[in-house]
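Chemist: This is the structure I have questions about; it appears just below.
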Amino acid sequence: MNNTLLIVLLWPLVSMVLSLLPAKEAAGKTAFALSLAGLLLSVYLFLGFVPANGMQQVMSYAWIPALGISFKIGMDGISLLLIMLTNVLTPLIILSSFGRKIENPKAFYALILLMQFAMLGVFVALDGFLFYIFWELALIPIYFICLLWGGKDRVRITLKFFIYTLTGSLLMLVSLIYLYLQTPDTHTFDIDAFYQLKLSGSQQAFVLWTMFFAFAVKIPIFPLHSWQPDTYVDAPTPGTMLLSGIMLKMGIYGLLRWLLPTVPAAVHEYGFLIMAFCVAGVVYASCIAIVQKDFKRLVAYASIAHVGLISAGVFTLNSEATEGAVFQMLSHGVNAVGLFFIADILMTRLKTRNLAELGGIVNNQKLFAIAFMIIMLGTVALPLTNGFVGEFLLLTGIYAYHKWMAFFAGLSVILGVVYMFRSYQAIMLGSRHLSDSDFSPLTISEKTVLVSVAALVVLMGIFPSVLLDTASPSVKALLSLISAQ
Amino acid sequence: MMSDVFKLKKALFGLSLLGLLIALVFSVYDWGQYASYFNQMVLTDNYAVVFTTMLIGMTFLWFLMSKDFFSSHSSASEHYALILFSLTGGVMMTNFSDLTILFLGLEILSISLYILAGSDKGNLFSNEASLKYFMIGSFATGFLLFGIALIYGATSSFNLQEISSYVQQHNGSLPTYFYAGILMILTGLTFKVSAVPFHFWAPDVYDGSPTLVTTYMLSVVKMAAFAALYRLFINSFAPVYEFWIPVFAIMSAVTMLLGNITAVYQKSLKRMLAYSSIAHAGYMLMALASPGIASKNALVFYLLAYAIATLGVFNVLYQVHKVTGREEIKSVKGLFRKNPFAAIMLTLCMLSMAGIPPVAGFFGKYYMFVSTLNGGLTWLVLIAVLSSLIGVYFYFKVIIAAFQDPELENTAYYRQPSDLTVLYVCGILSLLLGIMPQFVAGLL
């Protein structure tokens, strides 16, 4: 039982190697089957998890003892939910690429699996250095995915994305080394040692701003978001799904696991300022989303708005908002994947994502219309959808922190309705009639993805307790750790 | 330590390789022993053993990729001898315990290289490189000698141990010319590692020399020079560290920034790598700005990672140059189509130079950051971070080019996979060292 987490972590790496073996045509199916196996493994992990027991499945192996670095992994409720998210979304992402013409498919799927490995590593690492290694490792596959299969301007845009993210990462490295040097002799990168550090105010401020920079770029938080719209739009759709579905959660997870408990005093001091930036980003991104004509770009800006809200919730340091943040991470992941997939379907069928040129799809494609509707309602947080649970908890927590913050954050709901309903109207409604030759029927893999995402939206909305109960004890433990210092 | 043979031209290559392997075995055998030779002028401590082993290892790898260098010249046997002579000089520089041995080693190393830099006799740039290197190098060696003389005048000894104890005893009452001597020695040695402001010779010399000689210069010579510089300062001048640490810190910062910023504008891959090596010298100077056990290990690891990556990249560069005659970054285009494995290995080497996990170069940089932060020089680390980011830009230009479509039709340069063996070895070594650095990390 103790090795399950290690197996779940290493499985994508193994599947990456295995997926390179069969012929080119079978590459996609092999990758999909292997990622499904990974999903089953993580379900097994989920069933064996006891929420009240804190950090479980901890295993530590001395990697470079001379430098205080160990290979230490473990999971609590928050990490487990993110592991589930990664392992549920990856098969869907692989499935969503079927039927599209991909050059070098073996390399493509191998990179996706490598990225899955790196992202899982971020969520389970309990050693600062290991966390950093996985954080950076996740960047390499997505860089190549965007570079080799991306859109027109991909060289410039992906390099900007890489350097921008690397700036944050290197600053985080500086802060991690700084924390390492503050631990008592002989130094160590162990997360418990970091938690026990008693740093002065100015030391904490230094660590806060250097480490936060990395997360702020990754999430992204206004004003460090300028890389995101171009990168999301130019990347191939599976790349965008990986970025918005899972990778940005790495940033929020980093805030929860590595930033808040290590420098709580600095968080108290600067939390309001940071929250102001987050909420400003929410309103700013929503307004820009409203005027977008390209649907994929619109969803990218919507993503900034949603994660701005999640980040603001993280800095309130109360349990409702933090639980809401954890849940909303999951629902945003699901919804973003759904929306980007819809954009992809539109692109492959009608060769355009421009709202002005689309319209009238609802008249022929009933399943597509219903699925799009459900996913969209999840994004605008209608009750009974997953988005509602997360946003409600988040806004409750933010309101308890500061009324006016909650007001502006709550604007995100209204503005979200504006751009989402507007785009649905522009894309689906209207009197145009598209025949089967204009809009070929959905393939089985496409239907599976749409139905799965829509089902998740509804199920998570009606039965959130399954997930919330898993996370709740861990959230409470985390918050008590922060307030104890 | 030398297998210097002047007959049997055909067997020279194999013989040299064999000789190097034997030398390697002998040097590893010296581990843990603390033996001194030649009346205490040469000291083989662990530091020296590690560096000697690395030097011989890198030269071995260089030999593997440089078969052509020897077969295409009429004076092939002289070239063998010269390379091995310079290796000897380098080994002397890492084992020295007496300033005269340092000077001897430096000169043996340098003079061999002056000749090798100009070995492409018909090429004007090669002649220019050789002349520049010789003139400026001799000038710098003059500084070194002047500095040694001043140190001798102040401490009445050439021996590192005796100088160290003298400085320890008389700290605070040392004559001014002692400090002048330190600065002069610093000038002479930092010239060799191409640190700012003594780097002006480097781009032209590295660019003008034959590609394989440049490879040797960038990997082995830099290693030897840094080993010598560090050894001298940490053994003899340690008590007066407040004097020379700020000098090294500022030199390091300026070198990193200047090297990286100028490399951005280069279109020629060879020149870009020359400037990038100046930048790497800047990172390595960080070890001198924060001396201690951590920085010793950091220097060893960084030099190893850097030398391996350099050998790998130059293997590709040489092969490209051999067939197309061009050395621009653009000429690497199409590598992925012809030889995907080579492209991936090249990517690993470039990632190592840029300092991205999980390859060796990242670990070297990380180790440097730790030792510098431990020394309290946070500002230097932040400048290093900034320079690394600038560096990513041009290292990635190479990676991007490798994955793009070829420009020319005649991209037959990767015809024989064996031409790129060293690249494969270096790529795999970089990855292995990055994942399992513990074998080299805590040696000293």
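By order of appearance in the structure tokens: chains A, B, ..., then residues from 1 within every chain, and ligands from 1 in the order shown.
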Near chain A, which residues of chain B fall within 7 Å when you count only C-alpha atoms, and what do they look like as a list in words?
Modeler: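 The contacting residues on chain B are Pro357, Pro358, Val370, Asn374, Val385, Leu389, Gln438 and Gly442 of chain B.
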Chemist: I'd like the contact shell of Val28 (chain B) - 10 Å cut-off, only C-alpha atoms, skipping same-chain residues fewer than 4 positions apart - returned as a PyMOL selection string.
Modeler: chain B and resi 23-24+32+46+49-50+52-53
Chemist: Output N, CA and C atoms of each residue in that selection to a file, as a PDB file, in the first residue's frame.
Modeler:
```
ATOM      1  N   ALA B  23      47.032   7.284 -18.170  1.00  0.00           N
ATOM      2  CA  ALA B  23      47.230   8.439 -17.293  1.00  0.00           C
ATOM      3  C   ALA B  23      46.027   8.637 -16.383  1.00  0.00           C
ATOM      4  N   LEU B  24      44.841   8.420 -16.960  1.00  0.00           N
ATOM      5  CA  LEU B  24      43.614   8.562 -16.176  1.00  0.00           C
ATOM      6  C   LEU B  24      43.611   7.594 -15.004  1.00  0.00           C
ATOM      7  N   GLY B  32      43.138  10.429  -2.416  1.00  0.00           N
ATOM      8  CA  GLY B  32      43.281  10.197  -0.986  1.00  0.00           C
ATOM      9  C   GLY B  32      44.711  10.309  -0.525  1.00  0.00           C
ATOM     10  N   ASN B  46      43.613  15.869  -3.114  1.00  0.00           N
ATOM     11  CA  ASN B  46      42.371  15.434  -3.773  1.00  0.00           C
ATOM     12  C   ASN B  46      41.884  16.427  -4.821  1.00  0.00           C
ATOM     13  N   VAL B  49      43.777  15.813  -7.857  1.00  0.00           N
ATOM     14  CA  VAL B  49      43.413  14.548  -8.500  1.00  0.00           C
ATOM     15  C   VAL B  49      42.115  14.707  -9.288  1.00  0.00           C
ATOM     16  N   VAL B  50      41.140  15.354  -8.640  1.00  0.00           N
ATOM     17  CA  VAL B  50      39.851  15.530  -9.312  1.00  0.00           C
ATOM     18  C   VAL B  50      40.035  16.292 -10.611  1.00  0.00           C
ATOM     19  N   THR B  52      42.798  16.820 -12.355  1.00  0.00           N
ATOM     20  CA  THR B  52      43.629  16.111 -13.336  1.00  0.00           C
ATOM     21  C   THR B  52      42.798  15.066 -14.065  1.00  0.00           C
ATOM     22  N   THR B  53      42.003  14.338 -13.280  1.00  0.00           N
ATOM     23  CA  THR B  53      41.167  13.314 -13.902  1.00  0.00           C
ATOM     24  C   THR B  53      40.211  13.937 -14.915  1.00  0.00           C
TER      25      THR B  53
END
```
Chemist: What's the 9 Å shell around Thr59 (chain B), counting only C-alpha atoms, without same-chain residues fewer than 5 positions away, as a list in words?
Modeler: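 Result of the neighbour search: Leu20, Met54, Leu64, Ile83, Leu84, Leu87, Tyr216, Ser219 and Val220 of chain B.
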Chemist: Store the residues picked out above in a file with N, CA and C atoms, as a CSV table (one decimal), in the first residue's frame.
Modeler:
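Below is the file result01.csv, written as the result:
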```
chain,number,residue,atom,x,y,z
B,20,LEU,N,46.3,8.3,-22.8
B,20,LEU,CA,45.4,9.1,-21.9
B,20,LEU,C,44.7,8.2,-20.9
B,54,MET,N,39.6,15.0,-14.5
B,54,MET,CA,38.6,15.7,-15.4
B,54,MET,C,39.4,16.2,-16.7
B,64,LEU,N,38.5,11.8,-29.3
B,64,LEU,CA,37.5,11.0,-30.0
B,64,LEU,C,36.8,11.8,-31.1
B,83,ILE,N,49.1,19.1,-28.4
B,83,ILE,CA,47.9,18.9,-27.6
B,83,ILE,C,48.3,18.3,-26.2
B,84,LEU,N,49.2,17.3,-26.4
B,84,LEU,CA,49.5,16.6,-25.1
B,84,LEU,C,50.4,17.4,-24.3
B,87,LEU,N,48.2,19.7,-22.5
B,87,LEU,CA,47.5,18.9,-21.4
B,87,LEU,C,48.5,18.8,-20.2
B,216,TYR,N,39.1,22.6,-27.8
B,216,TYR,CA,40.0,22.3,-26.7
B,216,TYR,C,40.2,23.4,-25.8
B,219,SER,N,37.2,23.9,-23.4
B,219,SER,CA,36.9,23.0,-22.4
B,219,SER,C,38.1,22.7,-21.5
B,220,VAL,N,39.2,22.3,-22.0
B,220,VAL,CA,40.3,21.9,-21.2
B,220,VAL,C,41.1,23.1,-20.6
```
Chemist: Which residue gives the smallest distance to Ser138 (chain B) among B:Ile163, B:Leu420, B:Leu189, B:Ala225, with only C-alpha atoms counted?
Modeler: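 Answer, going by the shortest atom-to-atom distance: B:Leu189.
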Chemist: Have a look at A:Phe71, A:Trp258, A:Tyr419, A:Tyr401 and name the one nearest to Leu317 (chain A); count only C-alpha atoms.
Modeler: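 Of A:Phe71, A:Trp258, A:Tyr419, A:Tyr401, the one nearest Leu317 (chain A), counting only C-alpha atoms, is A:Tyr401.
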Chemist: Give me the residues within 10 Å of region 201-214 of chain B as a PyMOL selection string, counting only C-alpha atoms and dropping any in the same chain fewer than 5 places off.
Modeler: chain B and resi 62-63+65-69+83+113-114+116-121+123-137+191-195+219+221+268-278+311+314-315+317-319+321-322+327
Chemist: Which one is closest to Phe96 (chain B): B:Ile151, B:Leu229, B:Ala294, B:Leu257? Count only C-alpha atoms.
Modeler: B:Leu229
Chemist: So that I can see what lies close to Thr183 (chain A), please list as number ranges by chain the residues with an atom at most 10 Å from it, counting only C-alpha atoms and leaving out residues fewer than 5 positions away in the same chain.
Modeler: A: 178, 188-190, 193-198
Chemist: Just the selected residues (C-alpha atoms), exported as a PDB file, in the first residue's frame, please.
Modeler:
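Saved file selection06.pdb follows:
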```
ATOM      1  CA  TYR A 178      17.591  31.139   0.925  1.00  0.00           C
ATOM      2  CA  THR A 188      17.954  20.513   4.361  1.00  0.00           C
ATOM      3  CA  PHE A 189      15.236  21.113   1.825  1.00  0.00           C
ATOM      4  CA  ASP A 190      12.651  19.119   3.754  1.00  0.00           C
ATOM      5  CA  ALA A 193      12.088  22.023   8.212  1.00  0.00           C
ATOM      6  CA  PHE A 194      10.861  24.954   6.124  1.00  0.00           C
ATOM      7  CA  TYR A 195       7.611  25.066   8.081  1.00  0.00           C
ATOM      8  CA  GLN A 196       9.510  25.273  11.356  1.00  0.00           C
ATOM      9  CA  LEU A 197      11.632  28.226  10.334  1.00  0.00           C
ATOM     10  CA  LYS A 198      11.151  31.392  12.305  1.00  0.00           C
TER      11      LYS A 198
END
```
Chemist: Name the residues of region 42-157 of chain B that fall into strand (DSSP E or B) according to DSSP on the backbone, using the chain letters and numbers of this document, as a list in words.
Modeler: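 Secondary structure check on region 42-157 of chain B, strand (DSSP E or B): Val42, Leu43, Thr44, Phe96 and Asp98 of chain B.
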Chemist: Would you output that residue set with N, CA and C atoms, as a tab-separated table (two decimals), in the first residue's frame?
Modeler:
```tsv
chain	number	residue	atom	x	y	z
B	42	VAL	N	55.28	20.30	-6.27
B	42	VAL	CA	54.03	19.78	-6.85
B	42	VAL	C	53.33	18.99	-5.77
B	43	LEU	N	52.06	19.27	-5.55
B	43	LEU	CA	51.33	18.60	-4.48
B	43	LEU	C	50.10	17.93	-5.05
B	44	THR	N	49.98	16.62	-4.86
B	44	THR	CA	48.85	15.90	-5.44
B	44	THR	C	47.81	15.66	-4.37
B	96	PHE	N	50.05	22.36	-8.83
B	96	PHE	CA	51.19	23.13	-8.39
B	96	PHE	C	51.12	23.43	-6.91
B	98	ASP	N	53.87	25.50	-5.97
B	98	ASP	CA	54.98	26.46	-6.00
B	98	ASP	C	54.68	27.38	-7.18
```
Chemist: Pull the alpha helix (DSSP H) assignments for region 29-156 of chain A out of DSSP run on the backbone, and list those residues as JSON, numbers by chain.
Modeler: {"A": [29, 30, 31, 32, 33, 34, 35, 36, 37, 38, 39, 40, 41, 42, 43, 44, 45, 46, 47, 77, 78, 79, 80, 81, 82, 83, 84, 85, 86, 87, 88, 89, 90, 91, 92, 93, 94, 95, 96, 105, 106, 107, 108, 109, 110, 111, 112, 113, 114, 115, 116, 117, 118, 119, 120, 121, 122, 123, 124, 128, 129, 130, 131, 132, 133, 134, 135, 136, 137, 139, 140, 141, 142, 143, 144, 145, 146, 147, 148, 149, 154, 155, 156]}
Chemist: Calculate how many Å separate CA of Ser96 (chain A) from CA of Asn335 (chain A), rounding to one decimal.
Modeler: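 Taking CA of Ser96 (chain A) as the start and CA of Asn335 (chain A) as the end point, the length is 14.2 Å.
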Chemist: Skip Tyr399 (chain A) itself and residues of its chain fewer than 5 positions away, then list as a ChimeraX atom specification all residues within 10 Å of it, counting only C-alpha atoms.
Modeler: /A:313,316,321,393-394,404-407,409-410
Chemist: Which residue, B:Phe200, B:Phe178, B:Phe237, B:Tyr366, has the smallest gap to Leu160 (chain B) when you use only C-alpha atoms?
Modeler: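 Using only C-alpha atoms, Leu160 (chain B) sits closest to B:Phe237.
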Chemist: I'd like the neighbourhood of Ile288 (chain A) as a list in words, where a residue qualifies if any of its atoms comes within 9 Å (using only C-alpha atoms), though same-chain residues fewer than 6 positions away should be ignored.
Modeler: Leu298, Tyr301 and Ala302 of chain A
Chemist: Write the selection just made, keeping C-alpha atoms, as a compact mmCIF listing (two decimals), in the first residue's frame?
Modeler:
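Saved to again_9.txt:
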```txt
# COMPACT_ATOMS: atom_id res chain seq x y z
CA LEU A 298 -11.94 34.97 -25.02
CA TYR A 301 -8.99 35.87 -20.73
CA ALA A 302 -11.89 34.19 -18.93
```
Chemist: Could you jot down the CA of Leu285 (chain B) to CA of Phe248 (chain B) separation for me, Å, one decimal place?
Modeler: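 That distance, rounded to one decimal, is 6.4 Å.
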Chemist: Just how far from CA of Ala312 (chain A) is CA of Tyr424 (chain A), in Å to one decimal?
Modeler: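 Interatomic distance, CA of Tyr424 (chain A) to CA of Ala312 (chain A): 27.8 Å.
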